[in-house]
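The file entry-v7.txt comes next; it holds compact mmCIF, C-alpha atoms.
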# COMPACT_ATOMS: atom_id res chain seq x y z
CA MET A 10 -22.09 102.97 -41.54
CA ALA A 11 -21.54 99.85 -39.44
CA SER A 12 -20.44 100.35 -35.84
CA ARG A 13 -17.03 99.22 -34.66
CA ARG A 14 -18.67 96.36 -32.75
CA GLU A 15 -20.60 95.25 -35.83
CA GLN A 16 -17.38 95.31 -37.89
CA ASP A 17 -15.66 93.12 -35.30
CA LEU A 18 -18.53 90.62 -35.57
CA SER A 19 -18.52 90.59 -39.40
CA CYS A 20 -16.85 88.06 -41.72
CA PRO A 21 -13.92 89.58 -43.73
CA ILE A 22 -15.07 87.68 -46.83
CA CYS A 23 -18.82 88.41 -47.09
CA CYS A 24 -18.74 91.51 -44.79
CA GLU A 25 -21.89 90.31 -43.01
CA LEU A 26 -22.44 89.15 -39.43
CA PHE A 27 -20.83 85.76 -38.81
CA ARG A 28 -22.86 82.66 -39.65
CA ASP A 29 -21.45 79.51 -38.04
CA PRO A 30 -18.14 81.27 -37.31
CA VAL A 31 -14.90 79.23 -37.35
CA VAL A 32 -11.49 80.33 -36.13
CA LEU A 33 -8.13 79.49 -37.77
CA SER A 34 -4.81 78.80 -36.09
CA CYS A 35 -3.73 82.37 -36.98
CA SER A 36 -6.71 83.66 -34.85
CA HIS A 37 -8.68 85.08 -37.81
CA SER A 38 -12.37 84.13 -38.01
CA PHE A 39 -14.73 83.58 -40.95
CA CYS A 40 -18.14 82.16 -41.78
CA LYS A 41 -17.78 78.44 -42.28
CA VAL A 42 -19.41 78.50 -45.74
CA CYS A 43 -17.39 81.56 -46.83
CA LEU A 44 -14.11 79.86 -45.86
CA GLU A 45 -15.03 76.61 -47.62
CA ASN A 46 -15.89 78.53 -50.81
CA TRP A 47 -12.65 80.53 -50.50
CA TRP A 48 -10.53 77.39 -50.29
CA LYS A 49 -12.37 75.69 -53.11
CA ASP A 50 -10.03 74.77 -56.02
CA LYS A 51 -6.99 76.18 -54.16
CA PRO A 52 -3.96 73.84 -53.85
CA LEU A 53 -2.94 75.29 -50.47
CA LYS A 54 -5.11 76.32 -47.57
CA THR A 55 -4.07 79.81 -46.48
CA CYS A 56 -5.72 82.49 -44.37
CA PRO A 57 -7.62 84.95 -46.65
CA VAL A 58 -6.41 87.82 -44.45
CA CYS A 59 -2.79 87.17 -43.47
CA LYS A 60 -1.96 84.42 -46.07
CA SER A 61 -0.60 82.12 -43.33
CA LYS A 62 -0.48 78.44 -44.27
CA ILE A 63 -3.22 76.50 -42.43
CA SER A 64 -2.42 72.92 -41.53
CA LEU A 65 -5.18 72.23 -38.96
CA ASP A 66 -8.92 72.13 -39.69
CA PRO A 67 -10.75 75.27 -38.49
CA SER A 68 -12.74 74.91 -35.26
CA LEU A 69 -16.22 76.28 -34.54
CA SER A 70 -16.13 79.40 -32.34
CA LEU A 71 -19.07 79.12 -29.91
CA THR A 72 -18.01 82.31 -28.15
CA LEU A 73 -18.16 84.31 -31.36
CA LYS A 74 -21.47 82.72 -32.31
CA ASN A 75 -23.00 83.72 -28.95
CA LEU A 76 -21.67 87.27 -29.33
CA VAL A 77 -23.32 87.58 -32.75
CA GLU A 78 -26.65 86.29 -31.41
CA THR A 79 -26.49 88.70 -28.46
CA PHE A 80 -25.67 91.63 -30.74
CA THR A 81 -28.53 90.76 -33.11
CA GLU A 82 -31.05 90.56 -30.26
CA GLU A 83 -29.85 93.85 -28.74
CA ARG A 84 -30.11 95.61 -32.07
CA ARG A 85 -33.64 94.27 -32.62
CA GLN A 86 -34.79 95.44 -29.19
CA THR A 87 -33.19 98.87 -29.36
CA SER A 88 -34.22 99.70 -32.93
CA PRO A 89 -37.02 102.30 -32.77
CA SER A 90 -40.30 101.45 -34.48
CA PRO A 91 -40.76 103.80 -37.41
CA ALA A 92 -43.84 105.98 -37.38
CA GLN A 93 -46.62 105.00 -39.78
CA PRO A 94 -46.21 107.23 -42.87
CA GLU A 95 -49.16 109.32 -44.09
CA CYS A 96 -50.52 109.98 -47.56
CA SER A 97 -49.32 113.30 -48.93
CA LEU A 98 -52.68 113.85 -50.71
CA HIS A 99 -55.20 112.85 -48.08
CA SER A 100 -53.22 112.91 -44.80
CA GLU A 101 -54.41 109.36 -44.11
CA LYS A 102 -52.30 106.46 -42.89
CA LEU A 103 -50.69 104.47 -45.70
CA ARG A 104 -52.15 101.02 -45.08
CA LEU A 105 -52.13 99.35 -48.52
CA PHE A 106 -49.62 98.52 -51.27
CA CYS A 107 -50.67 99.07 -54.88
CA GLU A 108 -49.22 96.19 -56.88
CA ASP A 109 -49.78 97.99 -60.20
CA HIS A 110 -47.98 101.18 -59.17
CA GLN A 111 -45.65 99.42 -56.71
CA ASP A 112 -46.37 102.16 -54.17
CA LEU A 113 -48.00 102.71 -50.75
CA VAL A 114 -51.55 104.17 -50.74
CA CYS A 115 -54.20 105.12 -48.19
CA LEU A 116 -57.84 103.95 -48.14
CA VAL A 117 -58.96 107.09 -49.98
CA CYS A 118 -56.40 106.51 -52.74
CA ARG A 119 -57.70 102.97 -53.14
CA ASP A 120 -61.15 104.27 -54.09
CA SER A 121 -59.86 107.04 -56.37
CA ARG A 122 -59.84 106.93 -60.19
CA THR A 123 -56.06 106.88 -60.18
CA HIS A 124 -56.09 103.35 -58.74
CA LYS A 125 -59.25 102.08 -60.39
CA ASP A 126 -59.22 98.30 -60.98
CA HIS A 127 -55.78 98.00 -59.32
CA SER A 128 -54.75 95.18 -57.03
CA PHE A 129 -53.96 96.02 -53.38
CA THR A 130 -52.22 94.08 -50.65
CA PRO A 131 -51.85 94.86 -46.93
CA ILE A 132 -48.49 96.43 -46.17
CA GLU A 133 -47.36 93.51 -43.98
CA GLU A 134 -48.10 90.90 -46.64
CA ALA A 135 -46.54 92.97 -49.44
CA ALA A 136 -43.42 93.65 -47.38
CA GLN A 137 -43.00 89.97 -46.52
CA GLU A 138 -43.44 88.87 -50.13
CA LEU A 139 -41.10 91.52 -51.54
CA ARG A 140 -38.51 90.83 -48.82
CA GLU A 141 -38.43 87.21 -49.96
CA GLN A 142 -38.11 88.33 -53.57
CA LEU A 143 -35.31 90.73 -52.68
CA ARG A 144 -33.53 87.99 -50.73
CA ARG A 145 -33.76 85.75 -53.78
CA ASP A 146 -32.41 88.55 -55.98
CA LEU A 147 -29.66 89.24 -53.45
CA THR A 148 -28.35 85.66 -53.44
CA PRO A 149 -26.72 85.74 -56.93
CA VAL A 150 -25.29 89.18 -56.16
CA GLN A 151 -23.74 87.81 -52.95
CA GLU A 152 -22.35 84.89 -54.94
CA ASN A 153 -20.97 87.33 -57.47
CA LEU A 154 -19.36 89.27 -54.62
CA LYS A 155 -17.67 86.07 -53.45
CA VAL A 156 -16.45 85.40 -56.99
CA LEU A 157 -15.08 88.94 -57.17
CA ALA A 158 -13.43 88.49 -53.76
CA ARG A 159 -11.79 85.26 -54.95
CA SER A 160 -10.72 86.99 -58.17
CA ARG A 161 -9.24 89.87 -56.21
CA ALA A 162 -7.38 87.45 -53.95
CA GLN A 163 -5.98 85.69 -57.02
CA LEU A 164 -4.91 89.03 -58.48
CA GLU A 165 -3.26 90.00 -55.20
CA SER A 166 -1.48 86.65 -55.18
CA SER A 167 -0.40 87.17 -58.79
CA GLU A 168 0.88 90.65 -57.98
CA ALA A 169 2.96 89.29 -55.10
CA HIS A 170 4.20 86.47 -57.35
CA ILE A 171 5.21 88.95 -60.07
CA THR A 172 7.17 90.97 -57.51
CA ALA A 173 8.87 87.81 -56.21
CA GLN A 174 9.67 86.73 -59.79
CA ALA A 175 11.23 90.11 -60.54
CA ARG A 176 13.33 90.03 -57.35
CA ARG A 177 14.60 86.51 -58.10
CA ALA A 178 15.39 87.47 -61.68
CA GLN A 179 17.24 90.59 -60.52
CA THR A 180 19.31 88.53 -58.09
CA GLN A 181 20.22 85.99 -60.77
CA ILE A 182 20.99 88.68 -63.37
CA ARG A 183 23.28 90.48 -60.93
CA ALA A 184 24.99 87.21 -60.00
CA GLN A 185 25.53 86.33 -63.68
CA PHE A 186 26.92 89.76 -64.49
CA GLU A 187 29.17 89.67 -61.42
CA LYS A 188 30.51 86.35 -62.66
CA LEU A 189 31.21 87.90 -66.07
CA HIS A 190 32.67 91.03 -64.49
CA GLN A 191 34.99 88.88 -62.36
CA PHE A 192 36.10 86.96 -65.45
CA LEU A 193 36.78 90.23 -67.30
CA ARG A 194 38.71 91.62 -64.34
CA GLU A 195 40.85 88.49 -64.19
CA GLU A 196 41.28 88.48 -67.97
CA GLU A 197 42.30 92.14 -67.89
CA GLU A 198 44.81 91.53 -65.09
CA SER A 199 46.27 88.53 -66.95
CA ARG A 200 46.77 90.53 -70.13
CA MET A 201 48.14 93.56 -68.28
CA LYS A 202 50.57 91.28 -66.42
CA ALA A 203 51.81 89.78 -69.71
CA LEU A 204 52.26 93.29 -71.12
CA ARG A 205 54.15 94.45 -68.00
CA GLU A 206 56.42 91.41 -68.11
CA GLU A 207 57.26 91.98 -71.78
CA GLU A 208 57.84 95.68 -71.09
CA GLU A 209 60.20 94.89 -68.19
CA GLN A 210 62.06 92.24 -70.18
CA LYS A 211 62.58 94.41 -73.27
CA THR A 212 63.31 97.55 -71.28
CA GLN A 213 66.00 95.65 -69.34
CA ARG A 214 67.50 94.46 -72.61
CA MET A 215 67.70 98.05 -73.84
CA LYS A 216 69.39 99.06 -70.60
CA ASP A 217 71.92 96.23 -70.88
CA MET A 218 72.71 97.20 -74.50
CA MET A 219 73.06 100.88 -73.53
CA ALA A 220 75.48 99.93 -70.72
CA ALA A 221 77.57 97.91 -73.19
CA VAL A 222 77.58 100.79 -75.69
CA SER A 223 78.63 103.18 -72.90
CA ARG A 224 81.60 100.96 -72.03
CA ASP A 225 82.61 100.77 -75.71
CA MET A 226 82.30 104.55 -76.03
CA GLU A 227 84.57 105.02 -73.02
CA ALA A 228 87.20 102.66 -74.47
CA VAL A 229 87.08 104.33 -77.90
CA SER A 230 87.29 107.80 -76.32
CA GLN A 231 90.38 106.76 -74.38
CA SER A 232 91.94 105.34 -77.57
CA VAL A 233 91.24 108.58 -79.45
CA SER A 234 92.77 110.68 -76.68
CA GLU A 235 95.91 108.54 -76.52
CA THR A 236 96.33 108.63 -80.33
CA GLU A 237 95.89 112.42 -80.46
CA GLU A 238 98.52 112.80 -77.74
CA LEU A 239 100.88 110.50 -79.69
CA LEU A 240 100.45 112.64 -82.80
CA ARG A 241 101.87 115.60 -80.86
CA ALA A 242 104.94 113.62 -79.67
CA ALA A 243 108.49 113.96 -81.11
CA ASP A 244 109.32 111.97 -84.25
CA ALA A 245 111.47 109.38 -82.53
CA SER A 246 108.92 108.84 -79.76
CA PHE A 247 106.06 108.76 -82.30
CA LEU A 248 107.78 106.14 -84.40
CA LEU A 249 108.51 103.95 -81.41
CA GLN A 250 104.80 103.91 -80.41
CA TYR A 251 103.26 104.03 -83.87
CA LYS A 252 102.89 100.26 -84.28
CA THR A 253 101.01 99.87 -80.98
CA ALA A 254 98.76 102.87 -81.67
CA ALA A 255 97.88 101.67 -85.17
CA LYS A 256 97.02 98.23 -83.84
CA ARG A 257 94.83 99.78 -81.10
CA LEU A 258 92.89 101.86 -83.64
CA GLN A 259 92.11 98.76 -85.66
CA GLN A 260 90.41 97.11 -82.64
CA ARG A 261 87.11 99.02 -82.98
CA PRO A 262 84.14 97.49 -81.06
CA LEU A 263 81.25 96.24 -83.17
CA VAL A 264 78.00 98.19 -82.91
CA GLU A 265 75.21 95.77 -81.84
CA ASP A 266 71.80 96.58 -83.29
CA MET A 267 68.52 95.76 -81.51
CA GLY A 268 67.59 92.95 -83.84
CA PRO A 269 63.99 91.73 -84.57
CA GLY A 270 61.46 91.53 -81.74
CA ALA A 271 63.09 94.25 -79.67
CA LEU A 272 59.93 96.34 -79.40
CA ILE A 273 56.59 95.53 -77.68
CA ASP A 274 54.57 93.03 -79.71
CA GLN A 275 51.44 95.20 -79.92
CA ALA A 276 49.82 92.87 -82.43
CA LYS A 277 49.94 90.05 -79.88
CA HIS A 278 48.39 92.16 -77.14
CA LEU A 279 45.87 94.18 -79.15
CA GLY A 280 45.07 92.15 -82.24
CA ASN A 281 41.44 90.82 -82.14
CA LEU A 282 41.45 91.68 -78.46
CA GLY A 283 37.68 91.73 -78.01
CA PHE A 284 37.23 88.55 -80.06
CA ASN A 285 39.88 86.66 -78.11
CA ILE A 286 38.35 87.70 -74.81
CA TRP A 287 34.90 86.62 -76.01
CA ARG A 288 36.30 83.29 -77.23
CA ASN A 289 37.87 82.65 -73.83
CA MET A 290 34.46 83.23 -72.20
CA LYS A 291 33.14 80.02 -73.77
CA SER A 292 34.21 78.06 -70.71
CA LEU A 293 32.19 80.42 -68.54
CA VAL A 294 28.83 80.29 -70.29
CA GLN A 295 26.44 77.54 -71.34
CA PHE A 296 23.84 77.42 -74.08
CA TYR A 297 20.62 75.43 -73.69
CA PRO A 298 18.62 74.79 -76.90
CA VAL A 299 15.40 74.64 -74.83
CA ILE A 300 14.55 76.95 -71.92
CA LEU A 301 11.72 75.83 -69.63
CA ASP A 302 8.87 78.24 -68.91
CA PRO A 303 8.15 78.40 -65.15
CA ASN A 304 4.78 80.05 -65.82
CA THR A 305 3.56 76.72 -67.27
CA ALA A 306 4.69 74.55 -64.33
CA PRO A 307 2.15 73.34 -61.73
CA SER A 308 2.63 74.09 -58.04
CA ASP A 309 4.37 70.78 -57.26
CA LEU A 310 7.19 71.09 -59.83
CA VAL A 311 10.48 72.83 -59.01
CA LEU A 312 12.64 74.37 -61.76
CA SER A 313 16.35 75.09 -61.52
CA GLU A 314 17.53 78.72 -61.41
CA ASP A 315 18.78 78.58 -65.00
CA LEU A 316 15.44 77.03 -66.14
CA SER A 317 17.16 73.97 -67.60
CA SER A 318 15.86 71.20 -65.30
CA VAL A 319 12.69 70.21 -63.43
CA ARG A 320 11.81 67.84 -60.59
CA GLY A 321 8.89 67.05 -58.33
CA GLY A 322 8.83 68.86 -54.99
CA GLU A 323 6.70 70.38 -52.26
CA GLU A 324 3.58 72.37 -53.08
CA GLN A 325 4.22 76.03 -53.79
CA GLU A 326 1.71 78.86 -53.93
CA VAL A 327 1.54 79.97 -57.55
CA PRO A 328 -1.04 82.03 -59.48
CA GLN A 329 -3.57 80.18 -61.59
CA ASN A 330 -2.57 81.95 -64.80
CA PRO A 331 -3.90 80.64 -68.15
CA GLU A 332 -0.52 79.22 -69.25
CA ARG A 333 -0.16 76.99 -66.21
CA ARG A 334 -0.86 73.32 -66.90
CA GLY A 335 -2.92 71.02 -64.72
CA TYR A 336 -0.51 68.14 -65.29
CA ASN A 337 2.91 67.43 -63.79
CA GLU A 338 4.63 68.92 -66.80
CA VAL A 339 6.40 72.08 -67.86
CA LEU A 340 6.56 73.47 -71.39
CA GLY A 341 9.48 74.95 -73.26
CA SER A 342 9.43 78.73 -73.55
CA GLU A 343 9.74 78.74 -77.35
CA ARG A 344 7.25 77.47 -79.91
CA PHE A 345 8.99 75.88 -82.91
CA VAL A 346 7.28 76.45 -86.26
CA SER A 347 9.98 75.91 -88.91
CA GLY A 348 13.55 74.75 -89.52
CA THR A 349 15.35 71.97 -87.63
CA HIS A 350 15.75 71.75 -83.87
CA SER A 351 17.18 69.22 -81.44
CA TRP A 352 17.76 69.00 -77.71
CA ASP A 353 19.05 66.39 -75.28
CA VAL A 354 17.37 65.40 -72.01
CA GLU A 355 19.09 63.54 -69.20
CA VAL A 356 16.47 61.36 -67.47
CA GLY A 357 18.96 59.53 -65.22
CA GLU A 358 17.36 57.36 -62.54
CA ASN A 359 13.95 59.05 -62.73
CA GLN A 360 11.27 56.35 -62.52
CA ARG A 361 8.35 58.23 -64.06
CA TRP A 362 8.89 60.66 -66.90
CA ALA A 363 7.87 61.76 -70.37
CA VAL A 364 9.83 63.78 -72.95
CA GLY A 365 8.27 65.14 -76.11
CA VAL A 366 6.43 67.95 -77.90
CA ARG A 367 2.88 69.27 -77.78
CA GLU A 368 0.69 71.13 -80.26
CA PHE A 369 -2.14 73.47 -79.24
CA VAL A 370 -5.06 74.21 -81.56
CA GLN A 371 -7.57 76.80 -80.32
CA GLY A 372 -11.12 75.70 -81.07
CA ARG A 373 -14.34 77.62 -80.62
CA ASP A 374 -14.85 76.57 -76.98
CA VAL A 375 -11.75 74.59 -75.96
CA THR A 376 -8.09 74.27 -76.82
CA GLU A 377 -7.32 70.93 -78.45
CA GLU A 378 -3.96 69.31 -77.72
CA THR A 379 -1.91 66.86 -79.78
CA GLU A 380 1.24 65.32 -78.39
CA TRP A 381 4.15 63.08 -79.33
CA PHE A 382 6.44 61.74 -76.60
CA ILE A 383 8.59 58.96 -75.13
CA GLU A 384 7.60 57.89 -71.62
CA PHE A 385 8.83 55.61 -68.85
CA SER A 386 6.23 54.38 -66.36
CA ASP A 387 5.87 51.26 -64.21
CA GLY A 388 9.20 49.98 -65.53
CA ASN A 389 8.14 50.12 -69.20
CA TYR A 390 9.17 52.37 -72.09
CA SER A 391 6.70 53.40 -74.79
CA ALA A 392 6.32 55.84 -77.67
CA CYS A 393 3.04 57.76 -77.81
CA SER A 394 1.57 59.72 -80.70
CA PRO A 395 -1.91 60.95 -81.72
CA SER A 396 -2.46 57.81 -83.80
CA ASP A 397 -1.15 55.05 -81.50
CA ASP A 398 1.01 54.01 -78.57
CA LYS A 399 3.61 51.30 -78.90
CA PRO A 400 6.04 49.68 -76.44
CA LEU A 401 9.79 50.12 -76.89
CA SER A 402 12.26 47.28 -76.43
CA VAL A 403 14.80 49.31 -74.47
CA LYS A 404 16.69 48.11 -71.41
CA LYS A 405 17.84 51.42 -69.98
CA LEU A 406 17.60 55.01 -71.15
CA GLN A 407 19.79 57.67 -69.56
CA ARG A 408 19.79 60.41 -72.20
CA VAL A 409 17.22 61.07 -74.93
CA ARG A 410 17.69 63.30 -77.97
CA VAL A 411 14.63 64.90 -79.55
CA LYS A 412 14.98 66.02 -83.18
CA LEU A 413 12.42 68.13 -85.07
CA ASP A 414 12.63 68.58 -88.83
CA PHE A 415 9.85 70.77 -90.22
CA GLY A 416 11.22 70.30 -93.73
CA SER A 417 10.38 66.58 -93.71
CA LYS A 418 7.77 67.04 -90.94
CA THR A 419 9.37 64.32 -88.84
CA LEU A 420 10.06 63.93 -85.14
CA THR A 421 12.76 61.49 -84.05
CA PHE A 422 13.64 60.22 -80.58
CA ASN A 423 17.17 58.91 -80.21
CA ASP A 424 19.10 57.06 -77.48
CA LEU A 425 22.02 59.43 -77.11
CA ASP A 426 24.29 56.88 -75.40
CA THR A 427 23.97 54.21 -78.10
CA ASN A 428 23.13 56.58 -80.99
CA THR A 429 20.14 54.43 -81.99
CA ASP A 430 16.73 55.67 -83.12
CA LEU A 431 13.90 54.85 -80.74
CA HIS A 432 10.91 56.18 -82.64
CA THR A 433 10.07 58.40 -85.62
CA GLY A 434 6.73 60.11 -86.17
CA PHE A 435 5.16 62.67 -88.47
CA ILE A 436 4.33 66.08 -87.05
CA SER A 437 2.54 69.31 -87.88
CA GLU A 438 3.64 72.89 -87.24
CA GLY A 439 3.59 74.90 -84.03
CA LEU A 440 5.15 72.60 -81.41
CA ARG A 441 6.44 73.28 -77.90
CA PRO A 442 8.76 70.91 -76.04
CA PHE A 443 7.58 69.54 -72.70
CA LEU A 444 8.94 67.50 -69.78
CA TYR A 445 6.74 65.45 -67.43
CA THR A 446 7.66 64.02 -64.04
CA ASP A 447 6.45 63.70 -60.46
CA GLU A 448 9.74 62.31 -59.12
CA ASP A 449 12.37 64.21 -57.12
CA VAL A 450 15.07 63.08 -59.57
CA PRO A 451 15.41 65.98 -62.04
CA LEU A 452 15.00 65.85 -65.80
CA LYS A 453 17.75 68.01 -67.29
CA ILE A 454 18.08 69.78 -70.62
CA LEU A 455 21.76 69.28 -71.49
CA PRO A 456 23.87 72.25 -72.64
CA ARG A 457 25.34 72.37 -76.14
CA ASN A 458 29.02 72.80 -76.93
CA ILE A 459 29.77 76.32 -78.21
CA THR A 460 31.97 76.65 -81.30
CA VAL A 461 33.45 79.84 -82.74
CA THR A 462 34.05 79.89 -86.50
CA GLU A 463 36.03 82.55 -88.34

Using structure tokens, write down the structure that the file contains.
Amino acid sequence: MASRREQDLSCPICCELFRDPVVLSCSHSFCKVCLENWWKDKPLKTCPVCKSKISLDPSLSLTLKNLVETFTEERRQTSPSPAQPECSLHSEKLRLFCEDHQDLVCLVCRDSRTHKDHSFTPIEEAAQELREQLRRDLTPVQENLKVLARSRAQLESSEAHITAQARRAQTQIRAQFEKLHQFLREEEESRMKALREEEEQKTQRMKDMMAAVSRDMEAVSQSVSETEELLRAADASFLLQYKTAAKRLQQRPLVEDMGPGALIDQAKHLGNLGFNIWRNMKSLVQFYPVILDPNTAPSDLVLSEDLSSVRGGEEQEVPQNPERRGYNEVLGSERFVSGTHSWDVEVGENQRWAVGVREFVQGRDVTEETEWFIEFSDGNYSACSPSDDKPLSVKKLQRVRVKLDFGSKTLTFNDLDTNTDLHTGFISEGLRPFLYTDEDVPLKILPRNITVTE
């Protein structure tokens, strides 16, 4: 087991004593060659230990180099010389190396029948030769160790990226659901308020009608009482008041019924309730016919949170997964293989872009690509396909519509603002949309209007 001092003087990448040690701005040290191999093919220079971004070139550490040399010399001087081993058969010093048996032998063994006609080499020469051979055999293993270390670092980076992706997705999912929950709470309160208002209005009407009926009942009761008292009066008195009493009895109040619409309109409040709420949510949600796949975007492209737009930006540290493209383009998440599809892209004032579809065919050794697209570069518009490229006589494009029809196997590019066809080509199956840009002006997939049919 290496001592603590030896560990402190060892490179974290190759785990051997430093060779030409360099120190980074984060104070971590590495062998110069190990660090150069570590950074090879990486878009960003980061510390292999703490992942800090390195902006300055590493400097040679003379102090660390001297410490390694001192430690090596001390270890050489203090290492005890091993005793010369003896032959277990003849108790003689083992002075020769049998090349046939690949074993140490003494002078007596050399002359024995066991080693007849064998080749022998002095121990010092054999050790030197086999050390060189072992060093040569060790080199590819050390290289393999470096490859494994780089692979592990990439896996660690991918693991951290997966965690970050999940956290971002969780945040966006919660935000979207909170938005929907808030809409539902407001929708619920609006409908409950309308129900309360109708209840109060119709309840008050019932109260007003009951008050009117109560007044009529009181008047009729008084009329009945007066008439009954008149019936008990003397004949002369009865006859004198009869005319007035008869007229009073004929003035009966009319009984007012509730009429239509007196009760709560439950059909209005409850009929197709869920459907009506869902229909009202149209203004809250958007539908994009193409969703961009962030796992296909290079490190210098930035996607919007809803994965509907892309622009050029600062370098980001992203895993080198197989789906990620080496170009400044991002693919759509869905592969279209049948039916009809269309999507609109707003290119705006972007000065370098391409909009189209790409086909991937897996060969024996490589993946072949076929693409159809409209591009704008160096102030010129052109249509590109596997068979040819041709210029387009267009003054200004702001929005482009891409239409796929697998029935007729055609692909059409359309100027959405003037509703004119720009280019039509013939396609095969298995196509994925793509957007290309290196500008900071975003390319945007436009949302579609949502319609509800009954």

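A straight line drawn from CA of Ser342 in chain A to CA of Asp302 in chain A is 4.7 Å long.
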
Mind dumping a table of every range 321-374 of chain A residue within 8 Å of range 437-452 of chain A, with the nearest atom pair and its distance in Å to one decimal, using only C-alpha atoms, sorted by chain and rising number, as a tab-separated table?
residue	atom	partner	partner_atom	distance
A:Gly321	CA	A:Asp449	CA	4.7
A:Gly322	CA	A:Asp449	CA	6.2
A:Asn337	CA	A:Tyr445	CA	5.6
A:Glu338	CA	A:Tyr445	CA	4.1
A:Val339	CA	A:Leu444	CA	5.6
A:Leu340	CA	A:Phe443	CA	4.3
A:Gly341	CA	A:Pro442	CA	5.0
A:Ser342	CA	A:Arg441	CA	7.6
A:Glu343	CA	A:Arg441	CA	6.4
A:Arg344	CA	A:Arg441	CA	4.7
A:Phe345	CA	A:Leu440	CA	5.3
A:Val346	CA	A:Gly439	CA	4.6
A:Ser347	CA	A:Glu438	CA	7.2
A:Val354	CA	A:Leu452	CA	6.7
A:Glu355	CA	A:Leu452	CA	5.8
A:Val356	CA	A:Leu452	CA	5.0
A:Gly357	CA	A:Leu452	CA	7.5
A:Glu358	CA	A:Val450	CA	6.8
A:Asn359	CA	A:Val450	CA	5.2
A:Gln360	CA	A:Glu448	CA	7.0
A:Arg361	CA	A:Thr446	CA	5.8
A:Trp362	CA	A:Thr446	CA	4.6
A:Ala363	CA	A:Tyr445	CA	4.9
A:Val364	CA	A:Leu444	CA	5.0
A:Gly365	CA	A:Phe443	CA	5.6
A:Val366	CA	A:Pro442	CA	4.2
A:Arg367	CA	A:Arg441	CA	5.4
A:Glu368	CA	A:Leu440	CA	4.8
A:Phe369	CA	A:Gly439	CA	7.6

Would you output that residue set with C-alpha atoms, as a short mmCIF file (atom, residue, chain, number, x, y, z; two decimals), keeping the file's coordinate frame?
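The result, written out as selection_10.cif:
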data_model
loop_
_atom_site.label_atom_id
_atom_site.label_comp_id
_atom_site.auth_asym_id
_atom_site.auth_seq_id
_atom_site.Cartn_x
_atom_site.Cartn_y
_atom_site.Cartn_z
CA GLY A 321 8.89 67.05 -58.33
CA GLY A 322 8.83 68.86 -54.99
CA ASN A 337 2.91 67.43 -63.79
CA GLU A 338 4.63 68.92 -66.80
CA VAL A 339 6.40 72.08 -67.86
CA LEU A 340 6.56 73.47 -71.39
CA GLY A 341 9.48 74.95 -73.26
CA SER A 342 9.43 78.73 -73.55
CA GLU A 343 9.74 78.74 -77.35
CA ARG A 344 7.25 77.47 -79.91
CA PHE A 345 8.99 75.88 -82.91
CA VAL A 346 7.28 76.45 -86.26
CA SER A 347 9.98 75.91 -88.91
CA VAL A 354 17.37 65.40 -72.01
CA GLU A 355 19.09 63.54 -69.20
CA VAL A 356 16.47 61.36 -67.47
CA GLY A 357 18.96 59.53 -65.22
CA GLU A 358 17.36 57.36 -62.54
CA ASN A 359 13.95 59.05 -62.73
CA GLN A 360 11.27 56.35 -62.52
CA ARG A 361 8.35 58.23 -64.06
CA TRP A 362 8.89 60.66 -66.90
CA ALA A 363 7.87 61.76 -70.37
CA VAL A 364 9.83 63.78 -72.95
CA GLY A 365 8.27 65.14 -76.11
CA VAL A 366 6.43 67.95 -77.90
CA ARG A 367 2.88 69.27 -77.78
CA GLU A 368 0.69 71.13 -80.26
CA PHE A 369 -2.14 73.47 -79.24
#

Quiz item: Can you tell me how far CA of Lys41 in chain A sits from CA of Val327 in chain A, in Å to one decimal?
Solution: 24.7 Å

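Compared by their closest atoms to Tyr297 in chain A, and using only C-alpha atoms, the residues A:Pro30, A:Gly434, A:Pro456, A:Pro94 rank with A:Pro456 nearest.
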
Exercise. Please determine the residues with any atom at most 12 Å from (5.7, 53.7, -74.5) (coordinates as given in the file, with only C-alpha atoms counting) and report them as a VMD selection string.
Key: chain A and resid 361 to 365 381 to 394 397 to 403 422 431 to 432

Quiz item: Could you pull the residues within 8 Å of range 262-274 of chain A, counting all atoms listed in the file, minus those fewer than 6 positions along the same chain, as a PyMOL selection string?
Solution: chain A and resi 207-208+211+218+222+225

Selection file, C-alpha atoms, as a PDB file, keeping the file's coordinate frame:
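The resulting result-v7.pdb:
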ATOM      1  CA  GLU A 207      57.260  91.980 -71.780  1.00  0.00           C
ATOM      2  CA  GLU A 208      57.840  95.680 -71.090  1.00  0.00           C
ATOM      3  CA  LYS A 211      62.580  94.410 -73.270  1.00  0.00           C
ATOM      4  CA  MET A 218      72.710  97.200 -74.500  1.00  0.00           C
ATOM      5  CA  VAL A 222      77.580 100.790 -75.690  1.00  0.00           C
ATOM      6  CA  ASP A 225      82.610 100.770 -75.710  1.00  0.00           C
TER       7      ASP A 225
END

Residues at most 12 Å from range 174-181 of chain A, counting only C-alpha atoms, excluding those fewer than 4 positions away in the same chain, as a short mmCIF file (atom, residue, chain, number, x, y, z; two decimals) with C-alpha atoms, in the coordinates of the input?
data_model
loop_
_atom_site.label_atom_id
_atom_site.label_comp_id
_atom_site.auth_asym_id
_atom_site.auth_seq_id
_atom_site.Cartn_x
_atom_site.Cartn_y
_atom_site.Cartn_z
CA SER A 167 -0.40 87.17 -58.79
CA GLU A 168 0.88 90.65 -57.98
CA ALA A 169 2.96 89.29 -55.10
CA HIS A 170 4.20 86.47 -57.35
CA GLN A 185 25.53 86.33 -63.68
CA PHE A 186 26.92 89.76 -64.49
CA GLU A 187 29.17 89.67 -61.42
CA LYS A 188 30.51 86.35 -62.66
CA PRO A 303 8.15 78.40 -65.15
CA ASN A 304 4.78 80.05 -65.82
CA SER A 313 16.35 75.09 -61.52
CA GLU A 314 17.53 78.72 -61.41
CA ASP A 315 18.78 78.58 -65.00
CA LEU A 316 15.44 77.03 -66.14
CA VAL A 327 1.54 79.97 -57.55
CA PRO A 328 -1.04 82.03 -59.48
#
